[in-house]
Amino acid sequence: MDNSLEQKIEQSAQILVNSRFAVALSGAGMSAESGIPTFRGNEGLWKEFSAKELATPEAFLKNSKLVWQWYNMRKEKISKAKPNAGHYALAKIQEIIPLHLITQNVDNLHNDAGSKNTIEIHGNIFLARCLQCGHVSELKSYDNDEPLCPVCFEGKLRPHIVWFGEQLDQKNLQRVFTWLDSCDTMLVIGTSSQVYPAAGFASDVQANGGTVIEINPQPAAQAHITLNGTSGEILPPLLKAIERNKNSLEHN
Ligand code: OAD
């Protein structure tokens, strides 16, 4: 690791340790080192598949079997994936400083790594919602392309995912905005910052006077500090630097 990156990690650790209320925003890049493809870029899912045909309410109305087949295929891959070094380091950082987590990821890997205080703004691939009674249930299997609600036994289930053209869950969004209002430091990790409203969160924090730190091998956000590298490379040394700074604060 070059000197200037080490210095920037140290500087970020100091800011985070002194922060009153920090928020991390993660995107698909966070799970890339767990073998889960991102959406954009050359290897991205949206290069091979059509978001319009697979991730919109209209697509589900037109061909729910096809949509379920695609989500089942992704769910099968995701259920075999494990959190990577970045997920584990982030969960440990949350044990040391007040760091809240907003994720656009639906893969549950932050929870698997032990992260607490997480808002999954785009839903969770292991959950399904009844179109009739609205009940949200866990659906771990990935072989059923016509699942029915286990509570009302009548309604069709759909993936509990926020699709293109849909609003985020209002309760989640309210919690997010409460966090952003209090946030003095935001860590933006592995997102192309192209999908709103999440793409606007870092500017909201900056407009309130907060500091934005980005972790990404191809930085995309407006950040005060850019840590150029993957989340699996950057978060473990950031954790170490946070531990060091926290210890020295406590001994002074
Ligand atoms: P994208 O695929 O748009 O962006 C992934 C980002 O991760 C890019 O900026 C990459 O440079 C970066 N990246 C790649 N590998 C990385 C690594 N190992 N460590 C850190 N960063 C890495 O994914 P999102 O920004 O999450 O929505 O996409 C936002 C939303 O668009 C998704 O939640 C999804 C998608 O359509 C829904 O499905 C509703």
# chains A, B, ... in the order shown; residues from 1 in each chain; ligands from 1
>>> closest_atom_pairs(of="stretch 214-250 of chain A", to="stretch 168-191 of chain A", cutoff="7 Å", atoms="only C-alpha atoms", output="JSON lines")
{"residue": "A:Glu214", "atom": "CA", "partner": "A:Val188", "partner_atom": "CA", "distance": 4.6}
{"residue": "A:Ile215", "atom": "CA", "partner": "A:Ile189", "partner_atom": "CA", "distance": 4.8}
{"residue": "A:Asn216", "atom": "CA", "partner": "A:Gly190", "partner_atom": "CA", "distance": 5.2}
{"residue": "A:Ser231", "atom": "CA", "partner": "A:Ile189", "partner_atom": "CA", "distance": 6.9}
>>> residues_around(residues="stretch 98-112 of chain A", least_positions_apart="3", cutoff="8 Å", atoms="only C-alpha atoms", output="ChimeraX atom specification")
/A:19-28,31,78,82-83,87-88,91,93-95,115-126,161,176,179,198
>>> residues_around(residues="A:Tyr71", least_positions_apart="5", cutoff="12 Å", atoms="only C-alpha atoms", output="PyMOL selection string")
chain A and resi 49+51+54-55+60+64-66+76-79+106-107+124-128+139-146+158-161
>>> atom_distance(atom1="atom CA of A:Lys92", atom2="atom CA of A:Leu239")
7.3 Å
>>> select_by_dssp(residues="stretch 3-248 of chain A", states="strand (DSSP E or B)", output="number ranges by chain")
A: 22-26, 99-103, 118-120, 123-130, 136-138, 148, 156-161, 185-189, 211-215, 225-227
>>> atom_distance(atom1="atom CA of A:Thr226", atom2="atom CA of A:Ala85")
19.5 Å
>>> closest_residue(among="A:Pro57, A:Gly232, A:Gly114, A:Pro217", to="A:Ser34", atoms="only C-alpha atoms")
A:Gly232
>>> closest_residue(among="A:Glu48, A:Ser12, A:Cys152, A:Trp68", to="A:Ala223", atoms="only C-alpha atoms")
A:Ser12
>>> atom_distance(atom1="atom CA of A:Ile225", atom2="atom 29 (C, counted along the ligand's line) of ligand 1")
21.1 Å
>>> closest_residue(among="A:Pro197, A:Pro147, A:Pro237, A:Gly209", to="ligand 1", atoms="only C-alpha atoms and all ligand atoms")
A:Pro197
>>> closest_residue(among="A:Met30, A:His224, A:Ala59, A:Ile15", to="A:Val205", atoms="only C-alpha atoms")
A:His224
>>> closest_residue(among="A:Ile96, A:Val195, A:Ala81, A:Leu131", to="A:Val17", atoms="only C-alpha atoms")
A:Ile96
>>> select_by_dssp(residues="stretch 24-172 of chain A", states="helix (DSSP H, G or I)", output="ChimeraX atom specification")
/A:28-34,45-48,51-54,57-62,64-79,85-96,109-112,170-172
